[in-house]
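J.: Sharing upload-v4.pdb here; it has PDB, C-alpha atoms, pLDDT in the B column.
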ATOM      1  CA  MET A   1       1.606  23.132  68.311  1.00 51.00           C
ATOM      2  CA  ALA A   2       3.701  20.100  67.398  1.00 52.00           C
ATOM      3  CA  LYS A   3       0.510  18.053  66.888  1.00 53.00           C
ATOM      4  CA  ALA A   4      -0.902  20.642  64.524  1.00 52.00           C
ATOM      5  CA  VAL A   5       2.279  20.622  62.439  1.00 50.00           C
ATOM      6  CA  GLN A   6       2.295  16.799  62.274  1.00 52.00           C
ATOM      7  CA  LYS A   7      -1.391  16.725  61.300  1.00 53.00           C
ATOM      8  CA  LYS A   8      -0.837  19.360  58.621  1.00 53.00           C
ATOM      9  CA  ASN A   9       2.098  17.431  57.145  1.00 53.00           C
ATOM     10  CA  GLY A  10       0.231  14.118  57.313  1.00 52.00           C
ATOM     11  CA  LEU A  11       2.802  12.614  59.656  1.00 51.00           C
ATOM     12  CA  MET A  12       0.408  11.656  62.413  1.00 52.00           C
ATOM     13  CA  SER A  13       0.863   7.992  63.388  1.00 54.00           C
ATOM     14  CA  GLY A  14      -1.929   5.633  62.413  1.00 55.00           C
ATOM     15  CA  ILE A  15      -3.108   7.755  59.492  1.00 58.00           C
ATOM     16  CA  SER A  16      -2.007   6.697  56.040  1.00 60.00           C
ATOM     17  CA  ARG A  17      -2.985   8.321  52.847  1.00 73.00           C
ATOM     18  CA  GLY A  18      -4.109   5.819  50.139  1.00 78.00           C
ATOM     19  CA  PHE A  19      -4.176   6.181  46.377  1.00 78.00           C
ATOM     20  CA  SER A  20      -6.958   8.211  44.876  1.00 85.00           C
ATOM     21  CA  LEU A  21      -9.302   6.679  42.339  1.00 82.00           C
ATOM     22  CA  LEU A  22      -7.795   8.857  39.623  1.00 84.00           C
ATOM     23  CA  GLU A  23      -4.267   7.584  40.361  1.00 84.00           C
ATOM     24  CA  LEU A  24      -5.434   3.955  40.216  1.00 82.00           C
ATOM     25  CA  VAL A  25      -7.246   4.506  36.919  1.00 85.00           C
ATOM     26  CA  ILE A  26      -4.134   6.122  35.386  1.00 87.00           C
ATOM     27  CA  VAL A  27      -1.889   3.223  36.481  1.00 84.00           C
ATOM     28  CA  ILE A  28      -4.339   0.629  35.134  1.00 86.00           C
ATOM     29  CA  ALA A  29      -4.592   2.528  31.833  1.00 84.00           C
ATOM     30  CA  ILE A  30      -0.789   2.607  31.488  1.00 84.00           C
ATOM     31  CA  ILE A  31      -0.535  -1.150  32.174  1.00 84.00           C
ATOM     32  CA  ALA A  32      -3.303  -1.824  29.633  1.00 81.00           C
ATOM     33  CA  ILE A  33      -1.560   0.254  26.958  1.00 80.00           C
ATOM     34  CA  ILE A  34       1.733  -1.551  27.560  1.00 80.00           C
ATOM     35  CA  GLY A  35      -0.085  -4.895  27.336  1.00 77.00           C
ATOM     36  CA  VAL A  36      -1.827  -3.983  24.091  1.00 76.00           C
ATOM     37  CA  VAL A  37       1.457  -2.934  22.504  1.00 74.00           C
ATOM     38  CA  ALA A  38       3.755  -5.658  23.905  1.00 69.00           C
ATOM     39  CA  ILE A  39       1.667  -8.847  23.662  1.00 68.00           C
ATOM     40  CA  PRO A  40       1.237  -8.829  19.861  1.00 65.00           C
ATOM     41  CA  ARG A  41       4.972  -8.261  19.439  1.00 61.00           C
ATOM     42  CA  PHE A  42       5.816 -11.305  21.573  1.00 59.00           C
ATOM     43  CA  SER A  43       3.298 -13.531  19.812  1.00 57.00           C
ATOM     44  CA  ALA A  44       4.496 -12.321  16.393  1.00 53.00           C
ATOM     45  CA  LYS A  45       8.078 -13.260  17.262  1.00 58.00           C
ATOM     46  CA  LYS A  46       6.929 -16.819  18.068  1.00 62.00           C
ATOM     47  CA  THR A  47       5.600 -17.327  14.535  1.00 71.00           C
ATOM     48  CA  GLU A  48       8.220 -15.264  12.702  1.00 82.00           C
ATOM     49  CA  LYS A  49      10.678 -18.181  12.453  1.00 85.00           C
ATOM     50  CA  ILE A  50       8.069 -20.665  11.184  1.00 88.00           C
ATOM     51  CA  ASP A  51       6.738 -18.101   8.679  1.00 90.00           C
ATOM     52  CA  THR A  52      10.259 -17.528   7.336  1.00 91.00           C
ATOM     53  CA  PHE A  53      10.837 -21.271   7.042  1.00 92.00           C
ATOM     54  CA  PHE A  54       7.466 -21.689   5.290  1.00 93.00           C
ATOM     55  CA  SER A  55       8.393 -19.019   2.726  1.00 93.00           C
ATOM     56  CA  GLN A  56      11.825 -20.571   2.144  1.00 94.00           C
ATOM     57  CA  LEU A  57      10.274 -24.018   1.606  1.00 94.00           C
ATOM     58  CA  ASN A  58       7.852 -22.589  -0.965  1.00 94.00           C
ATOM     59  CA  VAL A  59      10.724 -20.846  -2.789  1.00 93.00           C
ATOM     60  CA  LEU A  60      12.745 -24.077  -2.776  1.00 93.00           C
ATOM     61  CA  THR A  61       9.769 -26.057  -4.121  1.00 92.00           C
ATOM     62  CA  LYS A  62       9.110 -23.471  -6.845  1.00 91.00           C
ATOM     63  CA  MET A  63      12.793 -23.535  -7.809  1.00 91.00           C
ATOM     64  CA  ALA A  64      12.700 -27.350  -8.107  1.00 91.00           C
ATOM     65  CA  HIS A  65       9.519 -27.111 -10.189  1.00 91.00           C
ATOM     66  CA  THR A  66      11.036 -24.555 -12.563  1.00 90.00           C
ATOM     67  CA  ASN A  67      14.297 -26.508 -12.854  1.00 90.00           C
ATOM     68  CA  ALA A  68      12.385 -29.757 -13.553  1.00 91.00           C
ATOM     69  CA  GLN A  69      10.511 -28.054 -16.402  1.00 91.00           C
ATOM     70  CA  ILE A  70      13.698 -26.547 -17.882  1.00 90.00           C
ATOM     71  CA  THR A  71      15.828 -29.705 -17.683  1.00 90.00           C
ATOM     72  CA  GLY A  72      13.086 -32.279 -18.294  1.00 92.00           C
ATOM     73  CA  ALA A  73      14.431 -34.297 -15.346  1.00 92.00           C
ATOM     74  CA  VAL A  74      12.618 -35.604 -12.283  1.00 93.00           C
ATOM     75  CA  HIS A  75      13.521 -33.641  -9.141  1.00 93.00           C
ATOM     76  CA  ARG A  76      12.994 -34.335  -5.494  1.00 93.00           C
ATOM     77  CA  ILE A  77      12.928 -32.265  -2.337  1.00 94.00           C
ATOM     78  CA  LEU A  78      14.982 -34.239   0.185  1.00 95.00           C
ATOM     79  CA  PHE A  79      14.449 -33.714   3.921  1.00 94.00           C
ATOM     80  CA  ASP A  80      17.644 -34.930   5.600  1.00 93.00           C
ATOM     81  CA  VAL A  81      16.328 -35.295   9.150  1.00 89.00           C
ATOM     82  CA  ALA A  82      19.687 -36.371  10.594  1.00 89.00           C
ATOM     83  CA  HIS A  83      21.468 -33.244   9.317  1.00 92.00           C
ATOM     84  CA  ASP A  84      18.552 -30.756   9.619  1.00 91.00           C
ATOM     85  CA  ILE A  85      18.684 -29.692   5.977  1.00 94.00           C
ATOM     86  CA  ILE A  86      16.323 -29.701   2.982  1.00 95.00           C
ATOM     87  CA  ILE A  87      17.940 -30.073  -0.449  1.00 96.00           C
ATOM     88  CA  ILE A  88      16.782 -29.988  -4.091  1.00 94.00           C
ATOM     89  CA  GLU A  89      18.111 -32.963  -6.036  1.00 95.00           C
ATOM     90  CA  LYS A  90      17.655 -34.056  -9.645  1.00 94.00           C
ATOM     91  CA  THR A  91      18.035 -37.420 -11.260  1.00 94.00           C
ATOM     92  CA  THR A  92      21.324 -38.170 -13.009  1.00 92.00           C
ATOM     93  CA  GLY A  93      19.674 -40.559 -15.450  1.00 89.00           C
ATOM     94  CA  ALA A  94      21.447 -43.517 -13.856  1.00 92.00           C
ATOM     95  CA  LYS A  95      19.807 -46.254 -11.791  1.00 93.00           C
ATOM     96  CA  THR A  96      20.958 -48.329  -8.849  1.00 93.00           C
ATOM     97  CA  ALA A  97      21.227 -52.137  -9.016  1.00 94.00           C
ATOM     98  CA  SER A  98      17.717 -52.330  -7.505  1.00 94.00           C
ATOM     99  CA  GLY A  99      16.352 -50.035 -10.258  1.00 92.00           C
ATOM    100  CA  ASP A 100      15.973 -46.852  -8.174  1.00 91.00           C
ATOM    101  CA  LEU A 101      16.843 -43.515  -9.752  1.00 92.00           C
ATOM    102  CA  VAL A 102      20.129 -41.913  -8.692  1.00 95.00           C
ATOM    103  CA  PHE A 103      19.847 -38.285  -7.534  1.00 95.00           C
ATOM    104  CA  GLU A 104      22.394 -35.539  -6.943  1.00 94.00           C
ATOM    105  CA  PRO A 105      22.013 -31.995  -5.544  1.00 94.00           C
ATOM    106  CA  ILE A 106      21.344 -29.392  -8.219  1.00 91.00           C
ATOM    107  CA  LYS A 107      23.997 -26.769  -8.727  1.00 86.00           C
ATOM    108  CA  SER A 108      23.150 -23.106  -9.136  1.00 79.00           C
ATOM    109  CA  GLU A 109      25.427 -20.108  -9.140  1.00 79.00           C
ATOM    110  CA  TYR A 110      22.648 -17.698  -8.260  1.00 79.00           C
ATOM    111  CA  LEU A 111      20.152 -19.530  -6.064  1.00 76.00           C
ATOM    112  CA  LYS A 112      20.390 -21.625  -2.921  1.00 84.00           C
ATOM    113  CA  ASN A 113      19.640 -25.295  -3.466  1.00 91.00           C
ATOM    114  CA  SER A 114      19.043 -26.002   0.222  1.00 93.00           C
ATOM    115  CA  ILE A 115      17.628 -24.562   3.414  1.00 94.00           C
ATOM    116  CA  ALA A 116      18.325 -25.373   7.035  1.00 93.00           C
ATOM    117  CA  TRP A 117      15.666 -26.877   9.257  1.00 91.00           C
ATOM    118  CA  PRO A 118      14.756 -24.432  12.086  1.00 88.00           C
ATOM    119  CA  ASP A 119      16.345 -25.373  15.422  1.00 86.00           C
ATOM    120  CA  ASP A 120      13.229 -24.918  17.540  1.00 87.00           C
ATOM    121  CA  TYR A 121      10.928 -27.221  15.550  1.00 90.00           C
ATOM    122  CA  ASP A 122      10.461 -30.958  15.145  1.00 90.00           C
ATOM    123  CA  LEU A 123       9.140 -32.813  12.131  1.00 90.00           C
ATOM    124  CA  ARG A 124       6.179 -34.748  13.528  1.00 91.00           C
ATOM    125  CA  ASN A 125       4.650 -36.365  10.420  1.00 92.00           C
ATOM    126  CA  PHE A 126       5.540 -36.525   6.743  1.00 94.00           C
ATOM    127  CA  TYR A 127       2.601 -37.923   4.780  1.00 94.00           C
ATOM    128  CA  ILE A 128       3.125 -38.921   1.155  1.00 91.00           C
ATOM    129  CA  LYS A 129      -0.019 -40.182  -0.562  1.00 88.00           C
ATOM    130  CA  GLY A 130      -1.592 -40.809   2.851  1.00 89.00           C
ATOM    131  CA  ALA A 131       1.269 -42.833   4.404  1.00 90.00           C
ATOM    132  CA  ASP A 132       3.386 -41.359   7.224  1.00 92.00           C
ATOM    133  CA  GLU A 133       6.989 -41.847   6.109  1.00 91.00           C
ATOM    134  CA  LEU A 134       8.277 -40.984   9.607  1.00 88.00           C
ATOM    135  CA  LYS A 135       6.174 -43.619  11.382  1.00 84.00           C
ATOM    136  CA  GLY A 136       8.396 -45.637  13.682  1.00 72.00           C
ATOM    137  CA  GLY A 137      11.100 -42.943  13.774  1.00 72.00           C
ATOM    138  CA  LYS A 138      13.705 -45.005  11.892  1.00 72.00           C
ATOM    139  CA  THR A 139      13.852 -42.850   8.763  1.00 80.00           C
ATOM    140  CA  ASN A 140      16.639 -40.270   8.431  1.00 87.00           C
ATOM    141  CA  LYS A 141      15.688 -39.102   4.939  1.00 92.00           C
ATOM    142  CA  VAL A 142      12.298 -38.461   3.367  1.00 93.00           C
ATOM    143  CA  TRP A 143      11.496 -36.818   0.056  1.00 93.00           C
ATOM    144  CA  PHE A 144       8.846 -36.060  -2.488  1.00 93.00           C
ATOM    145  CA  TYR A 145       9.133 -35.922  -6.261  1.00 92.00           C
ATOM    146  CA  ILE A 146       8.476 -33.146  -8.741  1.00 91.00           C
ATOM    147  CA  VAL A 147       8.139 -34.281 -12.328  1.00 90.00           C
ATOM    148  CA  PRO A 148       8.829 -32.110 -15.400  1.00 89.00           C
ATOM    149  CA  GLU A 149       5.107 -31.981 -16.230  1.00 86.00           C
ATOM    150  CA  GLY A 150       4.740 -29.912 -13.062  1.00 76.00           C
ATOM    151  CA  VAL A 151       2.629 -32.287 -10.991  1.00 73.00           C
ATOM    152  CA  GLY A 152       3.737 -33.204  -7.500  1.00 75.00           C
ATOM    153  CA  GLN A 153       2.623 -35.727  -4.934  1.00 83.00           C
ATOM    154  CA  GLN A 154       0.042 -35.232  -2.186  1.00 87.00           C
ATOM    155  CA  ILE A 155       2.195 -34.092   0.764  1.00 92.00           C
ATOM    156  CA  VAL A 156       1.240 -33.145   4.334  1.00 95.00           C
ATOM    157  CA  ILE A 157       4.051 -32.104   6.695  1.00 95.00           C
ATOM    158  CA  ASN A 158       3.215 -31.648  10.395  1.00 94.00           C
ATOM    159  CA  ILE A 159       5.590 -29.581  12.534  1.00 93.00           C
ATOM    160  CA  ALA A 160       5.658 -28.980  16.293  1.00 91.00           C
ATOM    161  CA  ALA A 161       7.536 -26.345  18.272  1.00 88.00           C
ATOM    162  CA  ARG A 162       9.865 -27.920  20.835  1.00 86.00           C
ATOM    163  CA  ASN A 163       8.612 -25.565  23.559  1.00 82.00           C
ATOM    164  CA  ASP A 164       4.963 -26.544  22.885  1.00 76.00           C
ATOM    165  CA  SER A 165       4.148 -23.064  21.583  1.00 76.00           C
ATOM    166  CA  GLY A 166       2.551 -24.244  18.355  1.00 85.00           C
ATOM    167  CA  LEU A 167       1.631 -26.910  15.833  1.00 90.00           C
ATOM    168  CA  TRP A 168       1.553 -26.310  12.092  1.00 93.00           C
ATOM    169  CA  SER A 169       0.841 -28.226   8.923  1.00 94.00           C
ATOM    170  CA  PHE A 170       2.199 -27.542   5.480  1.00 95.00           C
ATOM    171  CA  VAL A 171       0.008 -29.060   2.771  1.00 95.00           C
ATOM    172  CA  LEU A 172       1.347 -29.185  -0.787  1.00 93.00           C
ATOM    173  CA  ASN A 173      -1.059 -28.409  -3.600  1.00 91.00           C
ATOM    174  CA  PRO A 174      -0.005 -31.009  -6.206  1.00 87.00           C
ATOM    175  CA  PHE A 175      -0.979 -28.735  -9.105  1.00 86.00           C
ATOM    176  CA  THR A 176       0.464 -25.362  -8.070  1.00 88.00           C
ATOM    177  CA  LEU A 177       3.331 -27.019  -6.165  1.00 88.00           C
ATOM    178  CA  GLN A 178       3.043 -24.510  -3.347  1.00 92.00           C
ATOM    179  CA  PHE A 179       2.473 -25.248   0.319  1.00 94.00           C
ATOM    180  CA  LYS A 180      -0.385 -23.826   2.349  1.00 95.00           C
ATOM    181  CA  LYS A 181       0.223 -23.310   6.069  1.00 95.00           C
ATOM    182  CA  TYR A 182      -2.342 -24.317   8.682  1.00 94.00           C
ATOM    183  CA  ASP A 183      -2.166 -23.468  12.391  1.00 90.00           C
ATOM    184  CA  GLU A 184      -3.320 -26.937  13.370  1.00 90.00           C
ATOM    185  CA  ILE A 185      -2.350 -30.503  12.528  1.00 90.00           C
ATOM    186  CA  GLN A 186      -3.731 -31.812   9.232  1.00 91.00           C
ATOM    187  CA  LYS A 187      -4.088 -35.366   8.010  1.00 88.00           C
ATOM    188  CA  PRO A 188      -4.138 -36.345   4.367  1.00 85.00           C
ATOM    189  CA  SER A 189      -7.536 -36.608   2.717  1.00 79.00           C
ATOM    190  CA  ALA A 190      -8.665 -40.109   1.892  1.00 64.00           C
TER
END
Would you encode the structure as structure tokens?
T.:
Amino acid sequence: MAKAVQKKNGLMSGISRGFSLLELVIVIAIIAIIGVVAIPRFSAKKTEKIDTFFSQLNVLTKMAHTNAQITGAVHRILFDVAHDIIIIEKTTGAKTASGDLVFEPIKSEYLKNSIAWPDDYDLRNFYIKGADELKGGKTNKVWFYIVPEGVGQQIVINIAARNDSGLWSFVLNPFTLQFKKYDEIQKPSA
């Protein structure tokens, strides 16, 4: 009688009940649904910071362009690599002893004249008219000019994520003065 009770309850030694095909299919379906929902969210978070920075850089460039047209003064977008900041500057009209223009940060009560460089990214290349201004790694400041006529220089900025999760290029259209983002490294056209 004891054996019959054990057999009925499935407690007989040596016999194990496995998962049915239906149970396995349900578990696999649940894992697939979680994967479909979760993976895009994680990958979107990886690019969210670079997309925000890209938008801020375009706003900063547009602001410099507009200010150059209003004031009639040459402006520059200064990348201060040592301090991880990008600043809009305009010429004061003065020149140094070597004949270079003197620049100062623009002042605005309503708009930011600078943006911070994102912590997780490194500036790999900064091409101006085909020459990499960062070559050799000795430069702490690089910039490009925006003239009142609204024409900029040919600029290609290559950026790499410090955790090797991506490479991007920002290429400035010298006529619209807006950057276009590429998901791969670009080199200046010859």
J.: Work out how far apart CA of Leu172 in chain A and CA of Ile155 in chain A are and give it in Å to one decimal.
T.: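 So the two atoms, CA of Leu172 in chain A and CA of Ile155 in chain A, lie 5.2 Å apart.
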J.: As an exercise, work out the distance from CA of Tyr182 in chain A to CA of Lys112 in chain A in Å and give it to one decimal place.
T.: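 Spanning CA of Tyr182 in chain A to CA of Lys112 in chain A is a straight-line distance of 25.7 Å.
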J.: So that I can check the surroundings of Phe53 in chain A, please list as a ChimeraX atom specification every protein, DNA and RNA residue that reaches within 8 Å of it, counting only C-alpha atoms and ignoring chain neighbours fewer than 3 positions away.
T.: /A:49-50,56-57,117-118
J.: Can you translate the PyMOL selection byres ((chain A and resi 152) around 8) into the concrete residues it hits in this file, as a list in words?
T.: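 Those residues are Phe144, Tyr145, Ile146, Val147, Gly150, Val151, Gln153, Gln154, Asn173, Pro174, Phe175 and Leu177 of chain A.
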J.: Deliver the residues from the most recent selection as a file, using C-alpha atoms, as a PDB file, in the coordinates of the input.
T.:
ATOM      1  CA  PHE A 144       8.846 -36.060  -2.488  1.00 93.00           C
ATOM      2  CA  TYR A 145       9.133 -35.922  -6.261  1.00 92.00           C
ATOM      3  CA  ILE A 146       8.476 -33.146  -8.741  1.00 91.00           C
ATOM      4  CA  VAL A 147       8.139 -34.281 -12.328  1.00 90.00           C
ATOM      5  CA  GLY A 150       4.740 -29.912 -13.062  1.00 76.00           C
ATOM      6  CA  VAL A 151       2.629 -32.287 -10.991  1.00 73.00           C
ATOM      7  CA  GLN A 153       2.623 -35.727  -4.934  1.00 83.00           C
ATOM      8  CA  GLN A 154       0.042 -35.232  -2.186  1.00 87.00           C
ATOM      9  CA  ASN A 173      -1.059 -28.409  -3.600  1.00 91.00           C
ATOM     10  CA  PRO A 174      -0.005 -31.009  -6.206  1.00 87.00           C
ATOM     11  CA  PHE A 175      -0.979 -28.735  -9.105  1.00 86.00           C
ATOM     12  CA  LEU A 177       3.331 -27.019  -6.165  1.00 88.00           C
TER      13      LEU A 177
END
J.: Pick the closest to Met63 in chain A from A:Ala131, A:Ala82, A:Val171, A:Ile87: which is it, counting all atoms listed in the file?
T.: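 Going through A:Ala131, A:Ala82, A:Val171, A:Ile87 one by one, the smallest distance to Met63 in chain A is for A:Ile87.
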J.: Please output range 54-68 of chain A, rebuilt to include N, CA, C and O atoms, as an mmCIF file, in the frame of the given file.
T.:
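Saved to selection_32.cif:
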data_model
loop_
_atom_site.group_PDB
_atom_site.id
_atom_site.type_symbol
_atom_site.label_atom_id
_atom_site.label_comp_id
_atom_site.auth_asym_id
_atom_site.auth_seq_id
_atom_site.Cartn_x
_atom_site.Cartn_y
_atom_site.Cartn_z
ATOM 1 N N PHE A 54 8.539 -21.378 6.239
ATOM 2 C CA PHE A 54 7.466 -21.689 5.290
ATOM 3 C C PHE A 54 7.734 -21.017 3.943
ATOM 4 O O PHE A 54 7.623 -21.654 2.892
ATOM 5 N N SER A 55 8.100 -19.753 3.964
ATOM 6 C CA SER A 55 8.393 -19.019 2.726
ATOM 7 C C SER A 55 9.591 -19.621 1.996
ATOM 8 O O SER A 55 9.570 -19.786 0.773
ATOM 9 N N GLN A 56 10.629 -19.965 2.750
ATOM 10 C CA GLN A 56 11.825 -20.571 2.144
ATOM 11 C C GLN A 56 11.499 -21.910 1.502
ATOM 12 O O GLN A 56 12.007 -22.229 0.420
ATOM 13 N N LEU A 57 10.659 -22.713 2.160
ATOM 14 C CA LEU A 57 10.274 -24.018 1.606
ATOM 15 C C LEU A 57 9.486 -23.835 0.312
ATOM 16 O O LEU A 57 9.689 -24.574 -0.653
ATOM 17 N N ASN A 58 8.602 -22.849 0.262
ATOM 18 C CA ASN A 58 7.852 -22.589 -0.965
ATOM 19 C C ASN A 58 8.770 -22.119 -2.087
ATOM 20 O O ASN A 58 8.593 -22.514 -3.244
ATOM 21 N N VAL A 59 9.762 -21.295 -1.776
ATOM 22 C CA VAL A 59 10.724 -20.846 -2.789
ATOM 23 C C VAL A 59 11.532 -22.041 -3.296
ATOM 24 O O VAL A 59 11.738 -22.194 -4.511
ATOM 25 N N LEU A 60 11.969 -22.889 -2.395
ATOM 26 C CA LEU A 60 12.745 -24.077 -2.776
ATOM 27 C C LEU A 60 11.919 -24.995 -3.680
ATOM 28 O O LEU A 60 12.414 -25.506 -4.695
ATOM 29 N N THR A 61 10.651 -25.201 -3.327
ATOM 30 C CA THR A 61 9.769 -26.057 -4.121
ATOM 31 C C THR A 61 9.535 -25.451 -5.503
ATOM 32 O O THR A 61 9.556 -26.157 -6.515
ATOM 33 N N LYS A 62 9.316 -24.146 -5.560
ATOM 34 C CA LYS A 62 9.110 -23.471 -6.845
ATOM 35 C C LYS A 62 10.369 -23.558 -7.708
ATOM 36 O O LYS A 62 10.288 -23.761 -8.924
ATOM 37 N N MET A 63 11.531 -23.428 -7.079
ATOM 38 C CA MET A 63 12.793 -23.535 -7.809
ATOM 39 C C MET A 63 12.950 -24.940 -8.400
ATOM 40 O O MET A 63 13.365 -25.101 -9.553
ATOM 41 N N ALA A 64 12.618 -25.969 -7.613
ATOM 42 C CA ALA A 64 12.700 -27.350 -8.107
ATOM 43 C C ALA A 64 11.721 -27.561 -9.260
ATOM 44 O O ALA A 64 12.056 -28.208 -10.266
ATOM 45 N N HIS A 65 10.542 -27.002 -9.138
ATOM 46 C CA HIS A 65 9.519 -27.111 -10.189
ATOM 47 C C HIS A 65 10.003 -26.464 -11.487
ATOM 48 O O HIS A 65 9.934 -27.067 -12.566
ATOM 49 N N THR A 66 10.535 -25.267 -11.387
ATOM 50 C CA THR A 66 11.036 -24.555 -12.563
ATOM 51 C C THR A 66 12.207 -25.309 -13.185
ATOM 52 O O THR A 66 12.278 -25.483 -14.409
ATOM 53 N N ASN A 67 13.126 -25.779 -12.356
ATOM 54 C CA ASN A 67 14.297 -26.508 -12.854
ATOM 55 C C ASN A 67 13.883 -27.828 -13.511
ATOM 56 O O ASN A 67 14.470 -28.230 -14.517
ATOM 57 N N ALA A 68 12.873 -28.506 -12.958
ATOM 58 C CA ALA A 68 12.385 -29.757 -13.553
ATOM 59 C C ALA A 68 11.805 -29.497 -14.944
ATOM 60 O O ALA A 68 12.027 -30.277 -15.876
#
